[in-house]
Every structure is written in structure tokens, then in C-alpha cells.
Amino acid sequence: MLNTANILTLSRIAAIPLVVACFWLDRGWSQWLSMGLFVAAGITDYFDGYFARRYHQISRLGRFLDPIADKLLVAAALLMLVERGPLTGVHVLAALIILAREILVSGLREFLAELRVGLPVSQLAKWKTAVQMLAIGFLLVGDAASPLITRAGLWLIWIAAVLTLITGYDYLRTGLRHMAEDAPPGAAE
């Protein structure tokens with residue numbers, strides 16, 4: 001049950017309180033440490049999938065925990081960034097878009113799983129995740145780095161939000177096709 005891939009996924013979940021604690025210390029070094037832990041946790045997302053496929057370690061536990069670990073890590077970081085900045089004002093909307101899409105996709109995956117239909121991750125969604133993780137990493141450093149880093153993070157979080165809308169729409173469209181199959185003949189959609 002516990003294999004290298006699952007241990008990496010669990011380490012991503014275990015990193016969340018450390019990322020939060022370092023961010024809340026609000027010292028220059030602690031913000032850098034928060035960002036470093038976040039980036040390391042994000043990198044485990046790539047490697048847990050790699051190890052699972054390469055060494056045939058795909059398990060039910062891993063398939064269950066991996067998306068949860070990703071969402072918990074991103075949600076915790078976004079909530080911190082909204083609470084303590086720099087995601088304030090209009091930038092809160094980018095965080096809301098990202099969180100809403102995560103909830104939507106989770107619900108769609110659960111619904112489609114009941115129908116025994118998979119919802120594979122698209123290549124654009126992988127790019128969205130990469131941009132989103134980079135943006136959050138930049139934003140976690142905050143005022144411990146140059147203001148250019150924060151500005152780059154804000155630009156990247158908006159790029160991630162736009163990609164989030166596109167991929168969310170694609171997933172929703174796929175889900176709606178399967179929902180429409182249940183509609184009685186002649187029913188209005």
C-alpha cells in the first residue's frame with residue numbers, strides 16, 4: 001500500500017503545515033523557506049506520478065490522495081496569500097477562480113466516476129498547474145524579495161486563472177455531455 005509514489009504524495013500533505021508556519025513567521029528567511037517548501041512539495045507532484053508509472057506503483061490510495069494533496073497545498077497557499085497579501089483587492093478574484101475550478105473538477109470527477117467515465121488531465125491543465133505553482137511560489141516570498149518578484153507572481157496568477165477558466169470549461173463541457181445522456185428523449189436542455 002505504501003510505496004515511493006504514495007510516500008511522496010503524503011509528504012506533500014505533511015508539508016502544508018510547514019509552508020503555513022514559515023509564511024506566518026513573516027521574517028525574510030521564513031518567507032524564503034515557505035517558498036522552498038512549497039516548491040519542493042510541488043515537485044513531488046511530478047515525481048509521485050513518475051514513480052507510480054515507471055515502477056508500476058499505481059495504487060488506489062495514490063489515485064485517491066494525489067489530487068487531494070494538490071488541492072490542499074494550493075488552497076492553503078492561496079488562503080494565506082489572500083489573508084496576508086499580496087492577493088488583495090481584485091487579485092482575490094484570481095484565487096477564487098482557481099479554487100472554484102478545483103471544486104468543480106473534483107465534483108465532476110466524482111460524478112463521472114459513478115458512471116465509470118474517466119476525466120483525464122489535459123496537457124493545458126498541466127501547464128496551468130505549472131504556472132499556478134510558479135506564481136504561488138513567487139507570491140510566498142512576498143516582501144522578502146524584490147517587488148518585481150511579487151509583480152511577476154501576480155501576472156502569473158492571472159495567467160493561471162485564465163488557463164483555469166479554459167480548462168474548467170473544457171472539463172465542464174465533457175461532464176455535461178455525459179449528464180445529457182441521462183436526459184429523456186425530447187427534453188429541453
# chains A, B, ... in the order shown; residues from 1 in each chain; ligands from 1
call {"tool": "residues_around", "arguments": {"residues": "Gly137 of chain A", "least_positions_apart": "4", "cutoff": "7 Å", "atoms": "only C-alpha atoms", "output": "ChimeraX atom specification"}}
result
/A:35,38-39,133,141
call {"tool": "write_last_selection", "arguments": {"atoms": "N, CA, C and O atoms", "output": "mmCIF file, in the first residue's frame"}}
result
data_model
loop_
_atom_site.group_PDB
_atom_site.id
_atom_site.type_symbol
_atom_site.label_atom_id
_atom_site.label_comp_id
_atom_site.auth_asym_id
_atom_site.auth_seq_id
_atom_site.Cartn_x
_atom_site.Cartn_y
_atom_site.Cartn_z
ATOM 1 N N MET A 35 8.488 29.382 0.643
ATOM 2 C CA MET A 35 8.500 29.197 -0.813
ATOM 3 C C MET A 35 9.262 27.929 -1.191
ATOM 4 O O MET A 35 8.812 27.149 -2.029
ATOM 5 N N PHE A 38 7.187 24.923 -0.419
ATOM 6 C CA PHE A 38 6.083 24.847 -1.376
ATOM 7 C C PHE A 38 6.573 24.298 -2.713
ATOM 8 O O PHE A 38 5.939 23.413 -3.306
ATOM 9 N N VAL A 39 7.692 24.812 -3.183
ATOM 10 C CA VAL A 39 8.247 24.349 -4.462
ATOM 11 C C VAL A 39 8.626 22.870 -4.368
ATOM 12 O O VAL A 39 8.328 22.081 -5.274
ATOM 13 N N MET A 133 1.725 26.985 -9.758
ATOM 14 C CA MET A 133 2.716 26.690 -8.728
ATOM 15 C C MET A 133 3.850 27.718 -8.740
ATOM 16 O O MET A 133 4.302 28.152 -7.679
ATOM 17 N N VAL A 141 7.147 34.423 -1.343
ATOM 18 C CA VAL A 141 8.347 35.159 -0.937
ATOM 19 C C VAL A 141 7.959 36.565 -0.483
ATOM 20 O O VAL A 141 8.538 37.102 0.447
#
call {"tool": "select_by_dssp", "arguments": {"residues": "segment 102-164 of chain A", "states": "helix (DSSP H, G or I)", "output": "VMD selection string"}}
result
chain A and resid 102 to 114 123 to 144 147 to 164
call {"tool": "closest_atom_pairs", "arguments": {"of": "segment 39-86 of chain A", "to": "segment 90-105 of chain A", "cutoff": "8 Å", "atoms": "only C-alpha atoms", "output": "CSV"}}
result
residue,atom,partner,partner_atom,distance
A:Lys71,CA,A:Glu102,CA,7.0
A:Ala75,CA,A:Leu99,CA,6.7
A:Leu78,CA,A:Ala95,CA,6.2
A:Val82,CA,A:Val92,CA,6.4
call {"tool": "write_last_selection", "arguments": {"atoms": "all heavy atoms", "output": "PDB file, in the first residue's frame"}}
result
ATOM      1  N   LYS A  71      -4.748  19.822  -4.228  1.00  0.00           N
ATOM      2  CA  LYS A  71      -5.762  20.827  -3.903  1.00  0.00           C
ATOM      3  C   LYS A  71      -5.556  21.415  -2.514  1.00  0.00           C
ATOM      4  O   LYS A  71      -5.724  22.613  -2.308  1.00  0.00           O
ATOM      5  CB  LYS A  71      -7.152  20.233  -4.061  1.00  0.00           C
ATOM      6  CG  LYS A  71      -7.532  20.052  -5.529  1.00  0.00           C
ATOM      7  CD  LYS A  71      -8.700  19.128  -5.705  1.00  0.00           C
ATOM      8  CE  LYS A  71      -9.021  18.836  -7.145  1.00  0.00           C
ATOM      9  NZ  LYS A  71      -7.910  18.608  -8.039  1.00  0.00           N
ATOM     10  N   ALA A  75      -4.840  25.302  -2.093  1.00  0.00           N
ATOM     11  CA  ALA A  75      -5.861  26.039  -1.339  1.00  0.00           C
ATOM     12  C   ALA A  75      -5.257  26.687  -0.101  1.00  0.00           C
ATOM     13  O   ALA A  75      -5.549  27.862   0.193  1.00  0.00           O
ATOM     14  CB  ALA A  75      -7.014  25.118  -0.953  1.00  0.00           C
ATOM     15  N   LEU A  78      -3.170  29.701  -1.259  1.00  0.00           N
ATOM     16  CA  LEU A  78      -3.996  30.812  -1.738  1.00  0.00           C
ATOM     17  C   LEU A  78      -4.709  31.517  -0.583  1.00  0.00           C
ATOM     18  O   LEU A  78      -4.791  32.744  -0.552  1.00  0.00           O
ATOM     19  CB  LEU A  78      -5.009  30.322  -2.776  1.00  0.00           C
ATOM     20  CG  LEU A  78      -4.428  29.939  -4.135  1.00  0.00           C
ATOM     21  CD1 LEU A  78      -5.513  29.357  -5.031  1.00  0.00           C
ATOM     22  CD2 LEU A  78      -3.756  31.132  -4.814  1.00  0.00           C
ATOM     23  N   VAL A  82      -4.249  35.435   0.411  1.00  0.00           N
ATOM     24  CA  VAL A  82      -5.377  36.370   0.471  1.00  0.00           C
ATOM     25  C   VAL A  82      -5.410  37.038   1.847  1.00  0.00           C
ATOM     26  O   VAL A  82      -5.617  38.244   1.957  1.00  0.00           O
ATOM     27  CB  VAL A  82      -6.712  35.653   0.163  1.00  0.00           C
ATOM     28  CG1 VAL A  82      -7.909  36.511   0.545  1.00  0.00           C
ATOM     29  CG2 VAL A  82      -6.777  35.279  -1.312  1.00  0.00           C
TER      30      VAL A  82
END
call {"tool": "residues_around", "arguments": {"residues": "segment 14-19 of chain A", "least_positions_apart": "2", "cutoff": "8 Å", "atoms": "only C-alpha atoms", "output": "ChimeraX atom specification"}}
result
/A:10-12,21-23,33-35,37-38,41,72-73,76-77
call {"tool": "closest_residue", "arguments": {"among": "A:Phe51, A:Tyr169, A:Trp24, A:Phe138", "to": "Asn6 of chain A", "atoms": "only C-alpha atoms"}}
result
A:Phe51
call {"tool": "closest_residue", "arguments": {"among": "A:Gly42, A:Gly85, A:Pro67, A:Pro120", "to": "Leu140 of chain A", "atoms": "only C-alpha atoms"}}
result
A:Gly85
call {"tool": "atom_distance", "arguments": {"atom1": "atom CA of Ala40 of chain A", "atom2": "atom CA of Val74 of chain A"}}
result
13.1 Å
call {"tool": "atom_distance", "arguments": {"atom1": "atom CA of Leu139 of chain A", "atom2": "atom CA of Ala125 of chain A"}}
result
20.7 Å
call {"tool": "atom_distance", "arguments": {"atom1": "atom CA of Arg84 of chain A", "atom2": "atom CA of Leu25 of chain A"}}
result
11.4 Å
call {"tool": "residues_around", "arguments": {"residues": "Asp66 of chain A", "least_positions_apart": "4", "cutoff": "7 Å", "atoms": "only C-alpha atoms", "output": "short mmCIF file (atom, residue, chain, number, x, y, z; two decimals) with all heavy atoms, in the first residue's frame"}}
result
data_model
loop_
_atom_site.label_atom_id
_atom_site.label_comp_id
_atom_site.auth_asym_id
_atom_site.auth_seq_id
_atom_site.Cartn_x
_atom_site.Cartn_y
_atom_site.Cartn_z
N THR A 9 3.46 11.60 -2.13
CA THR A 9 2.16 12.28 -2.03
C THR A 9 1.88 12.67 -0.58
O THR A 9 1.45 13.79 -0.30
CB THR A 9 1.04 11.38 -2.57
OG1 THR A 9 1.33 11.07 -3.93
CG2 THR A 9 -0.31 12.06 -2.48
N GLY A 62 -2.98 5.97 -3.90
CA GLY A 62 -2.32 7.05 -4.63
C GLY A 62 -3.26 7.81 -5.53
O GLY A 62 -3.21 9.05 -5.59
N ASP A 70 -2.73 17.86 -3.95
CA ASP A 70 -2.54 19.04 -4.80
C ASP A 70 -3.50 20.16 -4.38
O ASP A 70 -3.10 21.31 -4.22
CB ASP A 70 -2.79 18.70 -6.27
CG ASP A 70 -1.84 17.65 -6.79
OD1 ASP A 70 -0.80 17.41 -6.16
OD2 ASP A 70 -2.16 17.06 -7.84
#
call {"tool": "closest_residue", "arguments": {"among": "A:Ile13, A:Leu176, A:Leu115, A:Leu87", "to": "Ile68 of chain A", "atoms": "only C-alpha atoms"}}
result
A:Ile13
call {"tool": "residues_around", "arguments": {"residues": "Asp143 of chain A", "least_positions_apart": "5", "cutoff": "10 Å", "atoms": "only C-alpha atoms", "output": "JSON, numbers by chain"}}
result
{"A": [26, 27, 28, 31, 85, 86, 148, 149, 150]}
call {"tool": "residues_around", "arguments": {"residues": "Gly175 of chain A", "least_positions_apart": "3", "cutoff": "8 Å", "atoms": "only C-alpha atoms", "output": "list in words"}}
result
Leu108, Leu112, Tyr171, Leu172, His178 and Met179 of chain A
call {"tool": "write_last_selection", "arguments": {"atoms": "all heavy atoms", "output": "tab-separated table (two decimals), in the first residue's frame"}}
result
chain	number	residue	atom	x	y	z
A	108	LEU	N	-16.99	17.01	-10.71
A	108	LEU	CA	-17.16	16.32	-11.99
A	108	LEU	C	-16.51	14.94	-11.97
A	108	LEU	O	-17.10	13.97	-12.44
A	108	LEU	CB	-16.55	17.15	-13.13
A	108	LEU	CG	-17.40	18.27	-13.68
A	108	LEU	CD1	-16.59	19.10	-14.67
A	108	LEU	CD2	-18.64	17.72	-14.35
A	112	LEU	N	-18.56	11.60	-12.60
A	112	LEU	CA	-18.21	10.75	-13.73
A	112	LEU	C	-17.69	9.38	-13.27
A	112	LEU	O	-17.86	8.39	-13.98
A	112	LEU	CB	-17.19	11.44	-14.63
A	112	LEU	CG	-17.74	12.66	-15.39
A	112	LEU	CD1	-16.62	13.37	-16.13
A	112	LEU	CD2	-18.87	12.28	-16.33
A	171	TYR	N	-13.44	20.79	-19.10
A	171	TYR	CA	-13.87	19.67	-18.25
A	171	TYR	C	-15.38	19.70	-18.05
A	171	TYR	O	-16.04	18.67	-18.08
A	171	TYR	CB	-13.17	19.72	-16.89
A	171	TYR	CG	-11.72	19.31	-16.93
A	171	TYR	CD1	-10.78	19.98	-16.17
A	171	TYR	CD2	-11.29	18.23	-17.69
A	171	TYR	CE1	-9.44	19.60	-16.17
A	171	TYR	CE2	-9.96	17.84	-17.71
A	171	TYR	CZ	-9.04	18.53	-16.95
A	171	TYR	OH	-7.73	18.14	-16.95
A	172	LEU	N	-15.93	20.88	-17.84
A	172	LEU	CA	-17.37	21.00	-17.65
A	172	LEU	C	-18.12	20.55	-18.89
A	172	LEU	O	-19.12	19.83	-18.81
A	172	LEU	CB	-17.75	22.44	-17.29
A	172	LEU	CG	-19.24	22.71	-17.06
A	172	LEU	CD1	-19.77	21.86	-15.90
A	172	LEU	CD2	-19.48	24.18	-16.80
A	178	HIS	N	-21.95	13.87	-20.69
A	178	HIS	CA	-22.36	12.64	-20.02
A	178	HIS	C	-23.63	12.84	-19.21
A	178	HIS	O	-24.42	11.91	-19.05
A	178	HIS	CB	-21.22	12.12	-19.12
A	178	HIS	CG	-20.06	11.62	-19.91
A	178	HIS	ND1	-20.07	10.40	-20.55
A	178	HIS	CD2	-18.87	12.20	-20.19
A	178	HIS	CE1	-18.92	10.24	-21.18
A	178	HIS	NE2	-18.17	11.31	-20.97
A	179	MET	N	-23.85	14.05	-18.71
A	179	MET	CA	-25.09	14.34	-17.98
A	179	MET	C	-26.27	14.36	-18.93
A	179	MET	O	-27.36	13.94	-18.57
A	179	MET	CB	-24.98	15.69	-17.26
A	179	MET	CG	-24.05	15.68	-16.09
A	179	MET	SD	-23.93	17.36	-15.41
A	179	MET	CE	-22.34	17.26	-14.63
call {"tool": "residues_around", "arguments": {"residues": "segment 134-136 of chain A", "least_positions_apart": "6", "cutoff": "6 Å", "atoms": "only C-alpha atoms", "output": "VMD selection string"}}
result
chain A and resid 153 156 to 157
call {"tool": "write_last_selection", "arguments": {"atoms": "all heavy atoms", "output": "PDB file, in the first residue's frame"}}
result
ATOM      1  N   GLY A 153       4.671  37.338  -9.864  1.00  0.00           N
ATOM      2  CA  GLY A 153       3.734  36.378  -9.281  1.00  0.00           C
ATOM      3  C   GLY A 153       2.291  36.758  -9.547  1.00  0.00           C
ATOM      4  O   GLY A 153       1.461  35.886  -9.834  1.00  0.00           O
ATOM      5  N   LEU A 156       1.546  36.040 -13.170  1.00  0.00           N
ATOM      6  CA  LEU A 156       1.438  34.590 -13.364  1.00  0.00           C
ATOM      7  C   LEU A 156       0.153  34.027 -12.761  1.00  0.00           C
ATOM      8  O   LEU A 156      -0.450  33.116 -13.330  1.00  0.00           O
ATOM      9  CB  LEU A 156       2.657  33.879 -12.775  1.00  0.00           C
ATOM     10  CG  LEU A 156       3.956  34.060 -13.549  1.00  0.00           C
ATOM     11  CD1 LEU A 156       5.142  33.543 -12.739  1.00  0.00           C
ATOM     12  CD2 LEU A 156       3.873  33.368 -14.905  1.00  0.00           C
ATOM     13  N   ILE A 157      -0.294  34.558 -11.618  1.00  0.00           N
ATOM     14  CA  ILE A 157      -1.523  34.032 -11.015  1.00  0.00           C
ATOM     15  C   ILE A 157      -2.713  34.353 -11.914  1.00  0.00           C
ATOM     16  O   ILE A 157      -3.658  33.571 -12.016  1.00  0.00           O
ATOM     17  CB  ILE A 157      -1.721  34.525  -9.562  1.00  0.00           C
ATOM     18  CG1 ILE A 157      -2.632  33.561  -8.775  1.00  0.00           C
ATOM     19  CG2 ILE A 157      -2.317  35.911  -9.486  1.00  0.00           C
ATOM     20  CD1 ILE A 157      -2.014  32.296  -8.365  1.00  0.00           C
TER      21      ILE A 157
END
call {"tool": "decode", "arguments": {"residues": "segment 31-64 of chain A", "atoms": "N, CA, C and O atoms", "output": "CSV table (one decimal), in the first residue's frame"}}
result
chain,number,residue,atom,x,y,z
A,31,GLN,N,10.0,33.4,4.9
A,31,GLN,CA,9.2,33.5,3.6
A,31,GLN,C,9.9,32.7,2.5
A,31,GLN,O,9.3,32.0,1.7
A,32,TRP,N,11.2,32.8,2.5
A,32,TRP,CA,12.0,32.1,1.5
A,32,TRP,C,11.9,30.6,1.8
A,32,TRP,O,11.8,29.8,0.9
A,33,LEU,N,11.9,30.2,3.1
A,33,LEU,CA,11.7,28.8,3.4
A,33,LEU,C,10.3,28.3,3.1
A,33,LEU,O,10.2,27.2,2.6
A,34,SER,N,9.3,29.1,3.3
A,34,SER,CA,8.0,28.8,2.9
A,34,SER,C,7.9,28.5,1.4
A,34,SER,O,7.3,27.5,1.0
A,35,MET,N,8.5,29.4,0.6
A,35,MET,CA,8.5,29.2,-0.8
A,35,MET,C,9.3,27.9,-1.2
A,35,MET,O,8.8,27.1,-2.0
A,36,GLY,N,10.4,27.7,-0.5
A,36,GLY,CA,11.2,26.5,-0.8
A,36,GLY,C,10.4,25.2,-0.5
A,36,GLY,O,10.5,24.3,-1.3
A,37,LEU,N,9.8,25.2,0.6
A,37,LEU,CA,9.0,24.0,1.0
A,37,LEU,C,7.8,23.8,0.0
A,37,LEU,O,7.5,22.7,-0.4
A,38,PHE,N,7.2,24.9,-0.4
A,38,PHE,CA,6.1,24.8,-1.4
A,38,PHE,C,6.6,24.3,-2.7
A,38,PHE,O,5.9,23.4,-3.3
A,39,VAL,N,7.7,24.8,-3.2
A,39,VAL,CA,8.2,24.3,-4.5
A,39,VAL,C,8.6,22.9,-4.4
A,39,VAL,O,8.3,22.1,-5.3
A,40,ALA,N,9.3,22.5,-3.3
A,40,ALA,CA,9.6,21.1,-3.1
A,40,ALA,C,8.4,20.2,-3.1
A,40,ALA,O,8.4,19.1,-3.7
A,41,ALA,N,7.3,20.7,-2.4
A,41,ALA,CA,6.1,19.9,-2.4
A,41,ALA,C,5.5,19.8,-3.8
A,41,ALA,O,5.0,18.8,-4.2
A,42,GLY,N,5.6,20.9,-4.5
A,42,GLY,CA,5.1,20.9,-5.9
A,42,GLY,C,5.8,20.0,-6.8
A,42,GLY,O,5.2,19.3,-7.6
A,43,ILE,N,7.1,19.9,-6.6
A,43,ILE,CA,8.0,19.0,-7.4
A,43,ILE,C,7.6,17.5,-7.1
A,43,ILE,O,7.6,16.7,-8.0
A,44,THR,N,7.2,17.2,-5.9
A,44,THR,CA,6.8,15.8,-5.6
A,44,THR,C,5.6,15.4,-6.4
A,44,THR,O,5.4,14.2,-6.6
A,45,ASP,N,4.8,16.4,-6.8
A,45,ASP,CA,3.6,16.1,-7.6
A,45,ASP,C,4.1,15.4,-9.0
A,45,ASP,O,3.4,14.5,-9.4
A,46,TYR,N,5.1,15.9,-9.5
A,46,TYR,CA,5.7,15.3,-10.7
A,46,TYR,C,6.2,13.9,-10.5
A,46,TYR,O,5.9,13.0,-11.2
A,47,PHE,N,7.1,13.9,-9.4
A,47,PHE,CA,7.8,12.6,-9.2
A,47,PHE,C,6.9,11.5,-8.6
A,47,PHE,O,7.2,10.3,-8.9
A,48,ASP,N,5.8,11.8,-7.9
A,48,ASP,CA,5.0,10.7,-7.5
A,48,ASP,C,4.3,10.0,-8.7
A,48,ASP,O,4.2,8.8,-8.7
A,49,GLY,N,3.9,10.8,-9.6
A,49,GLY,CA,3.3,10.2,-10.9
A,49,GLY,C,4.4,9.5,-11.7
A,49,GLY,O,4.1,8.4,-12.2
A,50,TYR,N,5.6,10.0,-11.7
A,50,TYR,CA,6.6,9.4,-12.5
A,50,TYR,C,7.0,8.0,-11.8
A,50,TYR,O,7.0,7.0,-12.6
A,51,PHE,N,7.2,8.0,-10.5
A,51,PHE,CA,7.5,6.7,-9.9
A,51,PHE,C,6.3,5.7,-10.0
A,51,PHE,O,6.5,4.5,-10.1
A,52,ALA,N,5.1,6.2,-9.8
A,52,ALA,CA,4.0,5.3,-9.9
A,52,ALA,C,3.9,4.6,-11.3
A,52,ALA,O,3.7,3.4,-11.4
A,53,ARG,N,4.1,5.4,-12.4
A,53,ARG,CA,4.1,4.8,-13.7
A,53,ARG,C,5.3,4.0,-14.0
A,53,ARG,O,5.2,2.9,-14.5
A,54,ARG,N,6.5,4.5,-13.7
A,54,ARG,CA,7.8,3.9,-14.0
A,54,ARG,C,7.9,2.5,-13.3
A,54,ARG,O,8.4,1.6,-13.9
A,55,TYR,N,7.6,2.5,-12.0
A,55,TYR,CA,7.8,1.3,-11.2
A,55,TYR,C,6.5,0.6,-10.9
A,55,TYR,O,6.5,-0.2,-10.0
A,56,HIS,N,5.5,0.8,-11.7
A,56,HIS,CA,4.2,0.1,-11.6
A,56,HIS,C,3.7,0.2,-10.1
A,56,HIS,O,3.3,-0.8,-9.5
A,57,GLN,N,3.7,1.4,-9.6
A,57,GLN,CA,3.3,1.6,-8.2
A,57,GLN,C,1.9,2.3,-8.1
A,57,GLN,O,1.6,2.9,-7.1
A,58,ILE,N,1.2,2.3,-9.2
A,58,ILE,CA,-0.1,2.9,-9.2
A,58,ILE,C,-1.0,2.1,-8.3
A,58,ILE,O,-1.1,0.9,-8.4
A,59,SER,N,-1.6,2.9,-7.4
A,59,SER,CA,-2.5,2.2,-6.4
A,59,SER,C,-3.7,3.0,-6.2
A,59,SER,O,-3.8,4.2,-6.5
A,60,ARG,N,-4.7,2.4,-5.6
A,60,ARG,CA,-6.0,3.1,-5.3
A,60,ARG,C,-5.7,4.2,-4.3
A,60,ARG,O,-6.3,5.3,-4.4
A,61,LEU,N,-4.9,4.0,-3.3
A,61,LEU,CA,-4.6,5.0,-2.3
A,61,LEU,C,-3.9,6.2,-3.0
A,61,LEU,O,-4.3,7.4,-2.8
A,62,GLY,N,-3.0,6.0,-3.9
A,62,GLY,CA,-2.3,7.0,-4.6
A,62,GLY,C,-3.3,7.8,-5.5
A,62,GLY,O,-3.2,9.1,-5.6
A,63,ARG,N,-4.1,7.1,-6.2
A,63,ARG,CA,-5.1,7.8,-7.1
A,63,ARG,C,-6.1,8.6,-6.3
A,63,ARG,O,-6.6,9.6,-6.8
A,64,PHE,N,-6.3,8.2,-5.1
A,64,PHE,CA,-7.2,9.0,-4.2
A,64,PHE,C,-6.5,10.2,-3.6
A,64,PHE,O,-7.0,11.3,-3.6
